[in-house]
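A.B. asks: Could you have a look at this structure, given as structure tokens, before my questions?
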Amino acid sequence: MERIIGIDLGTTNSCVSIVEGNTSVVIPGRGGSNITPSVVAITQDGKRLVGQLAKRQAVTNPTNTITAGKRLIGRRWDEPLTQELLEARGFESHAGQQGEVMVKINQRSYAIPEISSMILLELKEIAEEYFGGSISKAVLTVPAYFNDRQRQATREAGKLAGLEVIRIINEPTAAALSYGYGKDIDKVVAVYDLGGGTFDFSVLHISEGVFEVLSTVGDTQLGGEDFDDRLIMQWLVVEFAKEHRVDLRRDKMAMQRLRDAAERAKCELSSTRSTEISLPFIISRADGMTLHLQTILTRQKLESLTEDLVERTIEICKRGLQEAKTEVNEVILVGGMTRMPLIQERVRDFFKRSPRRDVHPDEVVSLGAALQGMSLQSNGPDILLLDVTPMSLGIMVSGGLFNTLIPRNTTIPTSKSHVFTTIRDQQTSVRILVLQGENEDATKNDLLGEFTLSQIRSAPRGEIEFEVTFDIDANGVVSVNARNLETGQEQAIVVTARSGMSGEALERMATENAEHLVGLRERERVLQLKQKIKRTLNMMDRIMPRVETLLSNNGFAEEALVKAKEVIRRSKATINHDDIEALERDAKALSRTLNMFHNVIEKMKRS
Amino acid sequence: MWFDQAEAKDLTLLAEYGVWGGVPAAPLCLPGLGRYGRYQFDRYVLLQRNNLTVAQRREVIFLAEHFHKIDHFEFFELNHDADERSLKRAFFRFSKRFHPDQVSAIDLGHFSEHVQMVFEYGQQAYKLLTEEREFRAAYARVTAARDHAYLTHLKTEREVQRSRVESARAKGIKPPLKSRIASAPTPATDQRTQEEITDRKAMLRERLAKNNQRRQDNAEAKHSADLKSQAKTFFIAGEQAERRGQLNRALNHFKLCVEYIPQEKKYMIALKRVEALISDQRASGLWSEVEVMLSADDELQRLAAIDLMVEACEISPNQRRLMTLSQETIELDCVDRALPLLIKQHKKEELSLEYMWAIVQCYEALKQIQEAKHYAHLMISLDPSEPRAIRFNKRYH
Ligand SMILES: Nc1ncnc2c1ncn2[C@@H]1O[C@H](COP(=O)(O)OP(=O)(O)OP(=O)(O)O)[C@@H](O)[C@H]1O
Ligand SMILES: [Mg+2]
């Protein structure tokens with residue numbers, strides 16, 4: 001059976017799982033941790049760092065480190081929200097050819113799916129290492145409240161990483177899948193998922209292996225990062241300014257350290273009542289004096305700073321319950337942020353029941369994704385997801401109004417046809433704006449695409465009719481088809497605006513990723529060789545004095561000794577460079593010399 | 001006409017629901033006429049995920065094409081008065097057969113569109129029946145009226161038929177077979193047989209209970225045997241992975257083994273072994289990073305390296321690592337990071353002078369001379385000629 005991995009591509013952390021036997025298990029990443037930070041960095045010399053490695057160097061290299069790329073995925077550069085996010089992070093950016101966001105790191109531009117693909121590539125590598133074989137198929141998860149553009153962009157990221165994305169499923173649904181799989185239950189389960197960047201709330205009915213989503217609501221811009229921001233912007237920076245009259249915001253490195261410290265403090269406060277934030281040498285003042293930041297943060301303070309954010313999630317839950325129209329039997333908490341005591345408390349109060357404790361908040365999502373991947377194969381586990389579309393799909397009609405065609409919470413896959421007609425005489429094309437959202441004012445909703453029915457036979461208005469079919473597939477991805485009702489033929493549709501990148505750009509990125517893989521292997525080899533040479537040199541240093549005394553009264557050995565010293569000198573120089581050929585050569589030469597020395601010593605001992 | 005004025009109003013309401021409002025004028029099948037009438041599906045049409053037979057394909061196509069003629073209730077094989085619960089169950093059952101995911105493993109080509117169409121129809125029908133109360137009420141009334149009309153129609157037809165048969169019989173033709181079968185004689189029921197019967201019933205019940213028990217026991221035994229054999233397979237796979245150097249995989253396999261059969265020592269040992277191997281690998285991995293960072297000779301990098309060193313020493317401490325850590329922390333003025341680790345290791349290896357000396361240095365850096373002296377004394381009591389300790393003592397005498 002083909003191996004299909006399940007990937008939870010998170011804002012702050014990502015996780016990869018696989019089905020072994022009949023349960024799914026997490027594949028541990030590098031450094032032994034089950035989760036991999038969603039951080040990507042490009043070093044001065046153009047090398048890619050991903051995960052823990054990238055996160056560690058973030059403090060010393062903030063301008064070339066991208067965190068929380070997921071918050072930008074599938075967004076257009078000119079949206080106000082995008083600008084706000086970019087500003088807050090201090091990323092250098094510009095708009096791409098299709099209006100997508102491009103970030104600049106080390107003088108090179110990257111599209112956001114490209115950044116995500118680097119993380120996916122890393123996870124794929126982890127899985128391949130785990131199996132000792134290649135892997136090509138994956139199920140990816142996205143926040144339930146992601147729109148079509150964000151889903152498409154996520155799929156592109158998968159493609160760039162060389163993965164066939166066989167399905168995109170919603171994170172809370174995946175969590176419920178992992179929770180309900182193998183249990184003989186008939187229950188309504190609510191999933192509260194607060195991660196690093198997004199909040200989702202879904203209500204599902206689980207029975208006989210069928211997982212029916214009753215409602216899904218959420219906010220793609222509400223997560224742990226916002227809690228950190230509150231700490232930084234409304235407290236740390238303010239207090240520091242009051243005390244020292246210095247604005248920390250103007251120093252990128254200082255901000256990165258603040259971000260780090262704020263998150264750490266927030267996490268610590270989930271288990272303690274107060275914690276110390278200490279950042280020595282945070283900034284130097286104009287007069288050259290260096291300043292330190294040192295302060296105590298209490299849980300109470302954190303809660304008062306972020307209370308309203310928690311309240312916002314509860315408001316969203318209210319909406320979700322209303323739409324589900326049923327009693328909830330069970331609540332599960334997903335996402336790292338749900339470790340915060342205030343959140344657990346508010347959730348308990350609101351649902352009037354304790355959340356389940358047997359769900360791992362960081363891992364369930366990817367575990368569920370792996371299960372779903374297997375269930376799509378023949379003889380896979382017998383489970384069925386009936387997921388819904390989180391947002392209404394519709395078109396813009398005259399007057400800029402939004403006409404809903406497929407209402408939200410409709411079970412997918414689903415489709416809907418709509419008949420269009422020409423409104424002017426001799427009209428040769430019809431423009432259709434497809435949008436997603438709940439606002440009556442079309443312009444306030446997300447524009448998915450602009451489609452043009454072209455090459456229309458010229459005729460009086462109203463004479464030619466088209467049937468346009470809007471289709472939402474099981475991935476939640478929208479497609480549009482049109483048929484000319486007069487001729488019964490498929491009508492040409494031109495996509496005039498779409499989130500994604502051009503085919504050319506995609507291809508370029510894919511080849512770059514492949515090259516990176518080769519580079520990666522090479523780099524590993526270089527490291528190995530360097531270590532080997534270092535080890536041999538150490539040994540050499542140790543036995544050299546003995547060899548010298550042994551050979552000192554042997555004229556014939558003089559020459560060999562000189563040669564050996566030459567090899568040692570050369571190797572010491574070589575390990576400072578990444579020339580793989582030179583390294584190979586010197587590693588060999590060194591071990592030959594070392595062998596020779598050993599032989600000499602042996603012989604001398606015997607004689 | 002099978003509907004009257006009031007029903008006409010219902011029909012208009014239904015029409016407002018569009019494609020789905022229309023009620024087929026004649027039922028495809030009727031509750032009274034064999035439950036599913038003319039279209040009876042193989043319950044496992046799509047559940048056998050290997051392939052679809054021609055007959056199965058034909059059924060899907062039939063459903064897709066005739067959907068508008070099939071009554072929503074019939075579609076889910078339900079009566080008109082079905083409650084929400086049974087409606088939902090029926091929808092789940094339906095989804096398990098017709099959801100496109102259930103056939104996604106088979107390459108159906110264009111045919112998969114038909115499957116999707118059937119699913120979409122069913123899903124819309126379900127939604128209408130559950131969410132639109134008015135629709136459902138009107139729909140139930142109208143279809144019931146229709147069925148009633150149809151049944152009456154059938155009845156009159158049968159009447160006609162019967163009168164025809166009767167008149168034929170009058171003419172001396174044999175009646176149909178059924179009516180000739182005599183009713184079975186009722187069994188005699190005296191007091192004794194009654195008792196016997198209750199006795200036998202009790203016996204039967206007992207035997208049934210026993211059988212049930214046995215079946216349950218068997219199931220449990222089978223379950224635990226299953227677990228055992230699964231654990232065994234995982235164990236073998238885990239060992240293989242370990243040999244191949246895929247430690248993470250081995251770890252997962254052994255974890256599952258222990259989860260299935262917690263009492264088996266062999267599994268526990270293997271798990272511990274792999275865990276130790278992994279932590280050592282991790283620590284050396286971290287350490288190679290540390291070496292790179294230290295060689296950069298940059299204050300910030302060195303500070304950052306401390307975290308890594310502490311992590312590595314926590315995972316898998318050894319003398320070289322701890323010594324480097326203590327030297328670095330002394331230089332960078334943060335010995336409090338190293339000290340607890342050193343003391344912990346010192347407690348494990350009480351006779352090692354190196355750890356003691358490191359502790360002395362750390363306390364010295366912290367200006368806690370009393371503590372430092374304590375450890376220096378320890379060193380001297382172990383080795384009276386220990387030069388570092390002697391020098392230290394001289395300095396602080
Ligand atoms: N113990 C803790 N207490 C409070 N917050 C925590 C704790 N542990 C982790 N977090 C926070 O949880 C967030 C990360 O959660 P998680 O890994 O579930 O998010 P994600 O899956 O990456 O994001 P998303 O699902 O939104 O894309 C971070 O903001 C982190 O600070
Ligand atoms: Mg998440």
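Here's how to read the names in the structure tokens: chain A, B, ... by the order shown, residue numbers from 1 in each chain, ligand numbers from 1 in the order shown.
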Among region 289-432 of chain A, which residues carry a DSSP assignment of strand (DSSP E), reported as a PyMOL selection string?
C.D. replies: chain A and resi 290-298+330-334+384-386+388-389+393-397+401-406+410-411+414-421+430-432
A.B. asks: If the limit is 9 Å from any atom of ligand 1, counting only C-alpha atoms and all ligand atoms, which residues qualify? Return them as a PDB file with N, CA and C atoms, in the first residue's frame.
C.D. replies:
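Result file result34.pdb:
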ATOM      1  N   ASP A   8       0.237  18.651   9.356  1.00  0.00           N
ATOM      2  CA  ASP A   8      -0.398  19.834   9.938  1.00  0.00           C
ATOM      3  C   ASP A   8       0.587  20.982   9.756  1.00  0.00           C
ATOM      4  N   LEU A   9       0.307  21.823   8.778  1.00  0.00           N
ATOM      5  CA  LEU A   9       1.192  22.945   8.490  1.00  0.00           C
ATOM      6  C   LEU A   9       0.707  24.133   9.311  1.00  0.00           C
ATOM      7  N   GLY A  10       1.295  24.323  10.472  1.00  0.00           N
ATOM      8  CA  GLY A  10       0.782  25.325  11.406  1.00  0.00           C
ATOM      9  C   GLY A  10       1.444  26.684  11.246  1.00  0.00           C
ATOM     10  N   THR A  11       0.908  27.664  11.936  1.00  0.00           N
ATOM     11  CA  THR A  11       1.489  29.001  11.893  1.00  0.00           C
ATOM     12  C   THR A  11       2.817  29.019  12.642  1.00  0.00           C
ATOM     13  N   THR A  12       2.829  28.375  13.800  1.00  0.00           N
ATOM     14  CA  THR A  12       4.064  28.359  14.579  1.00  0.00           C
ATOM     15  C   THR A  12       4.763  27.007  14.557  1.00  0.00           C
ATOM     16  N   ASN A  13       3.947  25.940  14.547  1.00  0.00           N
ATOM     17  CA  ASN A  13       4.547  24.611  14.564  1.00  0.00           C
ATOM     18  C   ASN A  13       3.891  23.714  13.534  1.00  0.00           C
ATOM     19  N   SER A  14       4.683  22.815  12.971  1.00  0.00           N
ATOM     20  CA  SER A  14       4.134  21.849  12.033  1.00  0.00           C
ATOM     21  C   SER A  14       4.434  20.450  12.539  1.00  0.00           C
ATOM     22  N   CYS A  15       3.667  19.493  12.014  1.00  0.00           N
ATOM     23  CA  CYS A  15       3.762  18.142  12.543  1.00  0.00           C
ATOM     24  C   CYS A  15       3.415  17.171  11.420  1.00  0.00           C
ATOM     25  N   ILE A  35       7.213  18.064  17.060  1.00  0.00           N
ATOM     26  CA  ILE A  35       6.784  19.174  16.219  1.00  0.00           C
ATOM     27  C   ILE A  35       7.982  19.962  15.711  1.00  0.00           C
ATOM     28  N   PRO A  37       9.207  23.663  14.327  1.00  0.00           N
ATOM     29  CA  PRO A  37       8.788  25.068  14.224  1.00  0.00           C
ATOM     30  C   PRO A  37       8.634  25.490  12.761  1.00  0.00           C
ATOM     31  N   SER A  38       7.585  26.244  12.460  1.00  0.00           N
ATOM     32  CA  SER A  38       7.367  26.691  11.079  1.00  0.00           C
ATOM     33  C   SER A  38       8.177  27.946  10.817  1.00  0.00           C
ATOM     34  N   ALA A  68       5.718  32.579  10.892  1.00  0.00           N
ATOM     35  CA  ALA A  68       4.281  32.780  10.695  1.00  0.00           C
ATOM     36  C   ALA A  68       3.915  33.139   9.266  1.00  0.00           C
ATOM     37  N   LYS A  70       2.256  31.471   7.353  1.00  0.00           N
ATOM     38  CA  LYS A  70       0.890  31.027   7.084  1.00  0.00           C
ATOM     39  C   LYS A  70      -0.114  32.172   7.184  1.00  0.00           C
ATOM     40  N   ARG A  71       0.209  33.167   7.989  1.00  0.00           N
ATOM     41  CA  ARG A  71      -0.724  34.287   8.114  1.00  0.00           C
ATOM     42  C   ARG A  71      -0.842  35.077   6.819  1.00  0.00           C
ATOM     43  N   VAL A 142      -5.697  22.645   6.693  1.00  0.00           N
ATOM     44  CA  VAL A 142      -5.759  24.110   6.716  1.00  0.00           C
ATOM     45  C   VAL A 142      -6.800  24.512   7.756  1.00  0.00           C
ATOM     46  N   PRO A 143      -6.711  25.725   8.268  1.00  0.00           N
ATOM     47  CA  PRO A 143      -7.768  26.186   9.167  1.00  0.00           C
ATOM     48  C   PRO A 143      -9.103  26.090   8.454  1.00  0.00           C
ATOM     49  N   GLU A 171      -8.527  21.674   9.797  1.00  0.00           N
ATOM     50  CA  GLU A 171      -7.818  21.268  11.010  1.00  0.00           C
ATOM     51  C   GLU A 171      -8.742  20.733  12.110  1.00  0.00           C
ATOM     52  N   ASP A 193     -10.206  25.101  18.515  1.00  0.00           N
ATOM     53  CA  ASP A 193      -8.816  25.024  18.065  1.00  0.00           C
ATOM     54  C   ASP A 193      -8.206  26.419  18.017  1.00  0.00           C
ATOM     55  N   LEU A 194      -7.389  26.723  19.010  1.00  0.00           N
ATOM     56  CA  LEU A 194      -6.691  28.013  19.016  1.00  0.00           C
ATOM     57  C   LEU A 194      -5.196  27.755  18.900  1.00  0.00           C
ATOM     58  N   GLY A 195      -4.662  28.068  17.722  1.00  0.00           N
ATOM     59  CA  GLY A 195      -3.237  27.812  17.477  1.00  0.00           C
ATOM     60  C   GLY A 195      -2.436  29.093  17.558  1.00  0.00           C
ATOM     61  N   GLY A 196      -1.351  29.128  16.782  1.00  0.00           N
ATOM     62  CA  GLY A 196      -0.499  30.295  16.804  1.00  0.00           C
ATOM     63  C   GLY A 196      -1.072  31.461  16.019  1.00  0.00           C
ATOM     64  N   GLY A 197      -1.834  31.136  14.980  1.00  0.00           N
ATOM     65  CA  GLY A 197      -2.297  32.230  14.136  1.00  0.00           C
ATOM     66  C   GLY A 197      -3.784  32.246  13.858  1.00  0.00           C
ATOM     67  N   THR A 198      -4.456  31.125  14.071  1.00  0.00           N
ATOM     68  CA  THR A 198      -5.863  31.069  13.672  1.00  0.00           C
ATOM     69  C   THR A 198      -6.724  30.439  14.746  1.00  0.00           C
ATOM     70  N   PHE A 199      -7.990  30.824  14.702  1.00  0.00           N
ATOM     71  CA  PHE A 199      -8.955  30.202  15.595  1.00  0.00           C
ATOM     72  C   PHE A 199     -10.066  29.558  14.770  1.00  0.00           C
ATOM     73  N   ASP A 200     -10.385  28.316  15.109  1.00  0.00           N
ATOM     74  CA  ASP A 200     -11.458  27.590  14.437  1.00  0.00           C
ATOM     75  C   ASP A 200     -12.353  26.968  15.477  1.00  0.00           C
ATOM     76  N   THR A 220      -9.344  33.756  10.913  1.00  0.00           N
ATOM     77  CA  THR A 220      -7.995  33.366  10.482  1.00  0.00           C
ATOM     78  C   THR A 220      -6.937  34.341  10.984  1.00  0.00           C
ATOM     79  N   GLN A 221      -7.345  35.345  11.719  1.00  0.00           N
ATOM     80  CA  GLN A 221      -6.349  36.294  12.233  1.00  0.00           C
ATOM     81  C   GLN A 221      -6.464  36.416  13.746  1.00  0.00           C
ATOM     82  N   LEU A 222      -6.593  35.305  14.400  1.00  0.00           N
ATOM     83  CA  LEU A 222      -6.691  35.326  15.864  1.00  0.00           C
ATOM     84  C   LEU A 222      -5.980  34.097  16.400  1.00  0.00           C
ATOM     85  N   GLY A 223      -4.877  34.336  17.101  1.00  0.00           N
ATOM     86  CA  GLY A 223      -4.115  33.196  17.603  1.00  0.00           C
ATOM     87  C   GLY A 223      -3.077  33.627  18.622  1.00  0.00           C
ATOM     88  N   GLY A 224      -2.232  32.688  18.997  1.00  0.00           N
ATOM     89  CA  GLY A 224      -1.231  32.931  20.022  1.00  0.00           C
ATOM     90  C   GLY A 224      -0.347  34.133  19.726  1.00  0.00           C
ATOM     91  N   GLU A 225      -0.075  34.337  18.427  1.00  0.00           N
ATOM     92  CA  GLU A 225       0.742  35.482  18.048  1.00  0.00           C
ATOM     93  C   GLU A 225       0.132  36.791  18.536  1.00  0.00           C
ATOM     94  N   ASP A 226      -1.185  36.863  18.519  1.00  0.00           N
ATOM     95  CA  ASP A 226      -1.849  38.091  18.956  1.00  0.00           C
ATOM     96  C   ASP A 226      -1.705  38.269  20.460  1.00  0.00           C
ATOM     97  N   PHE A 227      -1.658  37.154  21.174  1.00  0.00           N
ATOM     98  CA  PHE A 227      -1.424  37.236  22.616  1.00  0.00           C
ATOM     99  C   PHE A 227      -0.019  37.778  22.871  1.00  0.00           C
ATOM    100  N   ASP A 228       0.955  37.272  22.105  1.00  0.00           N
ATOM    101  CA  ASP A 228       2.326  37.752  22.251  1.00  0.00           C
ATOM    102  C   ASP A 228       2.385  39.246  21.939  1.00  0.00           C
ATOM    103  N   ALA A 262       8.568  37.084  25.095  1.00  0.00           N
ATOM    104  CA  ALA A 262       7.142  37.208  25.413  1.00  0.00           C
ATOM    105  C   ALA A 262       6.461  35.860  25.272  1.00  0.00           C
ATOM    106  N   GLU A 263       6.793  35.146  24.196  1.00  0.00           N
ATOM    107  CA  GLU A 263       6.147  33.851  23.991  1.00  0.00           C
ATOM    108  C   GLU A 263       6.543  32.895  25.107  1.00  0.00           C
ATOM    109  N   ARG A 264       7.836  32.920  25.438  1.00  0.00           N
ATOM    110  CA  ARG A 264       8.290  32.002  26.475  1.00  0.00           C
ATOM    111  C   ARG A 264       7.575  32.301  27.798  1.00  0.00           C
ATOM    112  N   ALA A 265       7.470  33.597  28.099  1.00  0.00           N
ATOM    113  CA  ALA A 265       6.825  33.983  29.365  1.00  0.00           C
ATOM    114  C   ALA A 265       5.360  33.539  29.361  1.00  0.00           C
ATOM    115  N   LYS A 266       4.693  33.740  28.229  1.00  0.00           N
ATOM    116  CA  LYS A 266       3.290  33.358  28.123  1.00  0.00           C
ATOM    117  C   LYS A 266       3.119  31.861  28.401  1.00  0.00           C
ATOM    118  N   CYS A 267       3.986  31.058  27.789  1.00  0.00           N
ATOM    119  CA  CYS A 267       3.885  29.614  27.986  1.00  0.00           C
ATOM    120  C   CYS A 267       4.165  29.241  29.442  1.00  0.00           C
ATOM    121  N   GLU A 268       5.173  29.907  30.021  1.00  0.00           N
ATOM    122  CA  GLU A 268       5.497  29.582  31.402  1.00  0.00           C
ATOM    123  C   GLU A 268       4.327  29.886  32.332  1.00  0.00           C
ATOM    124  N   LEU A 269       3.628  30.962  32.022  1.00  0.00           N
ATOM    125  CA  LEU A 269       2.525  31.368  32.899  1.00  0.00           C
ATOM    126  C   LEU A 269       1.343  30.401  32.845  1.00  0.00           C
ATOM    127  N   SER A 270       1.412  29.433  31.959  1.00  0.00           N
ATOM    128  CA  SER A 270       0.359  28.416  31.967  1.00  0.00           C
ATOM    129  C   SER A 270       0.542  27.465  33.139  1.00  0.00           C
ATOM    130  N   SER A 271       1.784  27.403  33.658  1.00  0.00           N
ATOM    131  CA  SER A 271       2.000  26.506  34.790  1.00  0.00           C
ATOM    132  C   SER A 271       2.458  27.221  36.060  1.00  0.00           C
ATOM    133  N   VAL A 334      -7.835  21.917  21.030  1.00  0.00           N
ATOM    134  CA  VAL A 334      -6.729  21.691  20.106  1.00  0.00           C
ATOM    135  C   VAL A 334      -5.922  22.978  20.009  1.00  0.00           C
ATOM    136  N   GLY A 335      -4.610  22.821  19.761  1.00  0.00           N
ATOM    137  CA  GLY A 335      -3.761  24.004  19.600  1.00  0.00           C
ATOM    138  C   GLY A 335      -3.047  24.357  20.896  1.00  0.00           C
ATOM    139  N   GLY A 336      -1.817  24.804  20.746  1.00  0.00           N
ATOM    140  CA  GLY A 336      -0.965  25.071  21.908  1.00  0.00           C
ATOM    141  C   GLY A 336      -1.567  26.098  22.859  1.00  0.00           C
ATOM    142  N   MET A 337      -2.301  27.074  22.311  1.00  0.00           N
ATOM    143  CA  MET A 337      -2.828  28.142  23.154  1.00  0.00           C
ATOM    144  C   MET A 337      -3.851  27.637  24.176  1.00  0.00           C
ATOM    145  N   THR A 338      -4.449  26.475  23.907  1.00  0.00           N
ATOM    146  CA  THR A 338      -5.481  26.005  24.827  1.00  0.00           C
ATOM    147  C   THR A 338      -4.887  25.492  26.133  1.00  0.00           C
ATOM    148  N   ARG A 339      -3.549  25.591  26.251  1.00  0.00           N
ATOM    149  CA  ARG A 339      -2.939  25.249  27.536  1.00  0.00           C
ATOM    150  C   ARG A 339      -3.087  26.397  28.519  1.00  0.00           C
ATOM    151  N   MET A 340      -3.470  27.553  28.016  1.00  0.00           N
ATOM    152  CA  MET A 340      -3.611  28.726  28.885  1.00  0.00           C
ATOM    153  C   MET A 340      -4.787  28.515  29.837  1.00  0.00           C
ATOM    154  N   PRO A 341      -4.541  28.646  31.144  1.00  0.00           N
ATOM    155  CA  PRO A 341      -5.601  28.353  32.115  1.00  0.00           C
ATOM    156  C   PRO A 341      -6.873  29.180  31.907  1.00  0.00           C
ATOM    157  N   PRO A 361      -2.946  18.359  22.133  1.00  0.00           N
ATOM    158  CA  PRO A 361      -3.302  19.559  21.365  1.00  0.00           C
ATOM    159  C   PRO A 361      -2.386  19.841  20.175  1.00  0.00           C
ATOM    160  N   ASP A 362      -1.130  19.386  20.231  1.00  0.00           N
ATOM    161  CA  ASP A 362      -0.217  19.698  19.131  1.00  0.00           C
ATOM    162  C   ASP A 362      -0.229  18.635  18.036  1.00  0.00           C
ATOM    163  N   GLU A 363      -0.705  17.449  18.365  1.00  0.00           N
ATOM    164  CA  GLU A 363      -0.512  16.342  17.433  1.00  0.00           C
ATOM    165  C   GLU A 363      -1.781  15.836  16.765  1.00  0.00           C
ATOM    166  N   VAL A 365      -4.134  17.005  15.038  1.00  0.00           N
ATOM    167  CA  VAL A 365      -4.490  17.438  13.683  1.00  0.00           C
ATOM    168  C   VAL A 365      -3.754  16.600  12.644  1.00  0.00           C
TER     169      VAL A 365
END
A.B. asks: Given the choices A:Thr173, A:Thr536, A:Ser398, A:Thr428, which gets closest to ligand 2 if the distance is worked out from only C-alpha atoms and all ligand atoms?
C.D. replies: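 So, comparing all the options, the nearest one is A:Thr173.
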A.B. asks: Might you pull out every residue within 8 Å of Val360 (chain B), with only C-alpha atoms counted and same-chain residues fewer than 4 positions away left off, and present them as a ChimeraX atom specification?
C.D. replies: /B:356,364,371-373,375-376
A.B. asks: Using only C-alpha atoms, determine which residues lie at most 6 Å from region 113-124 of chain A, disregarding the query and same-chain residues fewer than 3 positions distant; provide the list as a ChimeraX atom specification.
C.D. replies: /A:127,157,160-161
A.B. asks: Contacts of Leu302 (chain A) at 10 Å or less, counting only C-alpha atoms, minus same-chain residues fewer than 2 places along, as a ChimeraX atom specification?
C.D. replies: /A:227-228,230-231,235,265-266,269,274,297-300,304-307,342
A.B. asks: Using N, CA, C and O atoms, can you write the selected residues to a file as a compact mmCIF listing (two decimals), in the first residue's frame?
C.D. replies:
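Just written: selection-v6.txt:
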# COMPACT_ATOMS: atom_id res chain seq x y z
N PHE A 227 -1.66 37.15 21.17
CA PHE A 227 -1.42 37.24 22.62
C PHE A 227 -0.02 37.78 22.87
O PHE A 227 0.18 38.65 23.72
N ASP A 228 0.95 37.27 22.11
CA ASP A 228 2.33 37.75 22.25
C ASP A 228 2.38 39.25 21.94
O ASP A 228 3.03 40.02 22.65
N ARG A 230 0.13 41.49 22.20
CA ARG A 230 -0.41 42.30 23.30
C ARG A 230 0.65 42.53 24.37
O ARG A 230 0.85 43.64 24.84
N LEU A 231 1.33 41.43 24.70
CA LEU A 231 2.36 41.52 25.73
C LEU A 231 3.43 42.51 25.34
O LEU A 231 3.89 43.32 26.15
N TRP A 235 2.54 46.33 26.65
CA TRP A 235 3.12 46.28 27.97
C TRP A 235 4.63 46.46 27.95
O TRP A 235 5.15 47.48 28.39
N ALA A 265 7.47 33.60 28.10
CA ALA A 265 6.83 33.98 29.37
C ALA A 265 5.36 33.54 29.36
O ALA A 265 4.87 32.99 30.35
N LYS A 266 4.69 33.74 28.23
CA LYS A 266 3.29 33.36 28.12
C LYS A 266 3.12 31.86 28.40
O LYS A 266 2.23 31.45 29.15
N LEU A 269 3.63 30.96 32.02
CA LEU A 269 2.52 31.37 32.90
C LEU A 269 1.34 30.40 32.84
O LEU A 269 0.39 30.55 33.61
N SER A 274 3.85 33.56 38.21
CA SER A 274 4.59 34.72 37.74
C SER A 274 5.92 34.26 37.18
O SER A 274 6.43 33.19 37.52
N LEU A 297 6.47 39.33 35.16
CA LEU A 297 5.13 39.27 34.57
C LEU A 297 4.29 38.28 35.36
O LEU A 297 4.72 37.14 35.60
N THR A 298 3.10 38.71 35.77
CA THR A 298 2.24 37.79 36.50
C THR A 298 1.16 37.26 35.58
O THR A 298 0.86 37.86 34.55
N ARG A 299 0.58 36.14 35.97
CA ARG A 299 -0.47 35.55 35.17
C ARG A 299 -1.64 36.52 35.08
O ARG A 299 -2.26 36.68 34.04
N GLN A 300 -1.88 37.18 36.20
CA GLN A 300 -2.99 38.12 36.25
C GLN A 300 -2.84 39.21 35.19
O GLN A 300 -3.77 39.56 34.49
N SER A 304 -5.22 40.04 32.04
CA SER A 304 -5.94 41.29 31.84
C SER A 304 -5.60 41.90 30.48
O SER A 304 -6.41 42.58 29.87
N LEU A 305 -4.39 41.59 29.97
CA LEU A 305 -4.00 42.13 28.66
C LEU A 305 -4.70 41.41 27.51
O LEU A 305 -4.84 41.95 26.43
N THR A 306 -5.08 40.14 27.74
CA THR A 306 -5.55 39.34 26.62
C THR A 306 -6.98 38.84 26.78
O THR A 306 -7.48 38.11 25.93
N GLU A 307 -7.60 39.27 27.86
CA GLU A 307 -8.97 38.85 28.16
C GLU A 307 -9.91 38.97 26.97
O GLU A 307 -10.67 38.07 26.64
N LEU A 342 -6.70 30.46 31.56
CA LEU A 342 -7.87 31.31 31.37
C LEU A 342 -8.79 30.75 30.28
O LEU A 342 -10.02 30.76 30.41
A.B. asks: Using only C-alpha atoms, determine which residues lie at most 12 Å from Val434 (chain A), disregarding the query and same-chain residues fewer than 6 positions distant; provide the list as a PyMOL selection string.
C.D. replies: chain A and resi 148-149+392-397+401-406+442-443+445-452+468-471+478-480+495-498
A.B. asks: Tell me the residues of chain B close to chain A, meaning within 7 Å using only C-alpha atoms, as a PyMOL selection string.
C.D. replies: chain B and resi 49-50+92+96+101+104-105+120+246+248-249+282
A.B. asks: Excluding Asp247 (chain A) and its own-chain neighbours fewer than 6 positions away, which residues fall within 8 Å of it when counting only C-alpha atoms? Please give them as a PyMOL selection string.
C.D. replies: chain A and resi 237+240-241
A.B. asks: I'd like to know which of A:Val331, A:Leu49, A:Ala261, A:Leu367 is closest to ligand 2, using only C-alpha atoms and all ligand atoms.
C.D. replies: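 Of A:Val331, A:Leu49, A:Ala261, A:Leu367, the one nearest ligand 2 is A:Leu367, counting only C-alpha atoms and all ligand atoms.
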A.B. asks: What is the distance between CA of Met604 (chain A) and CA of Ile543 (chain A), in Å to one decimal?
C.D. replies: 13.7 Å
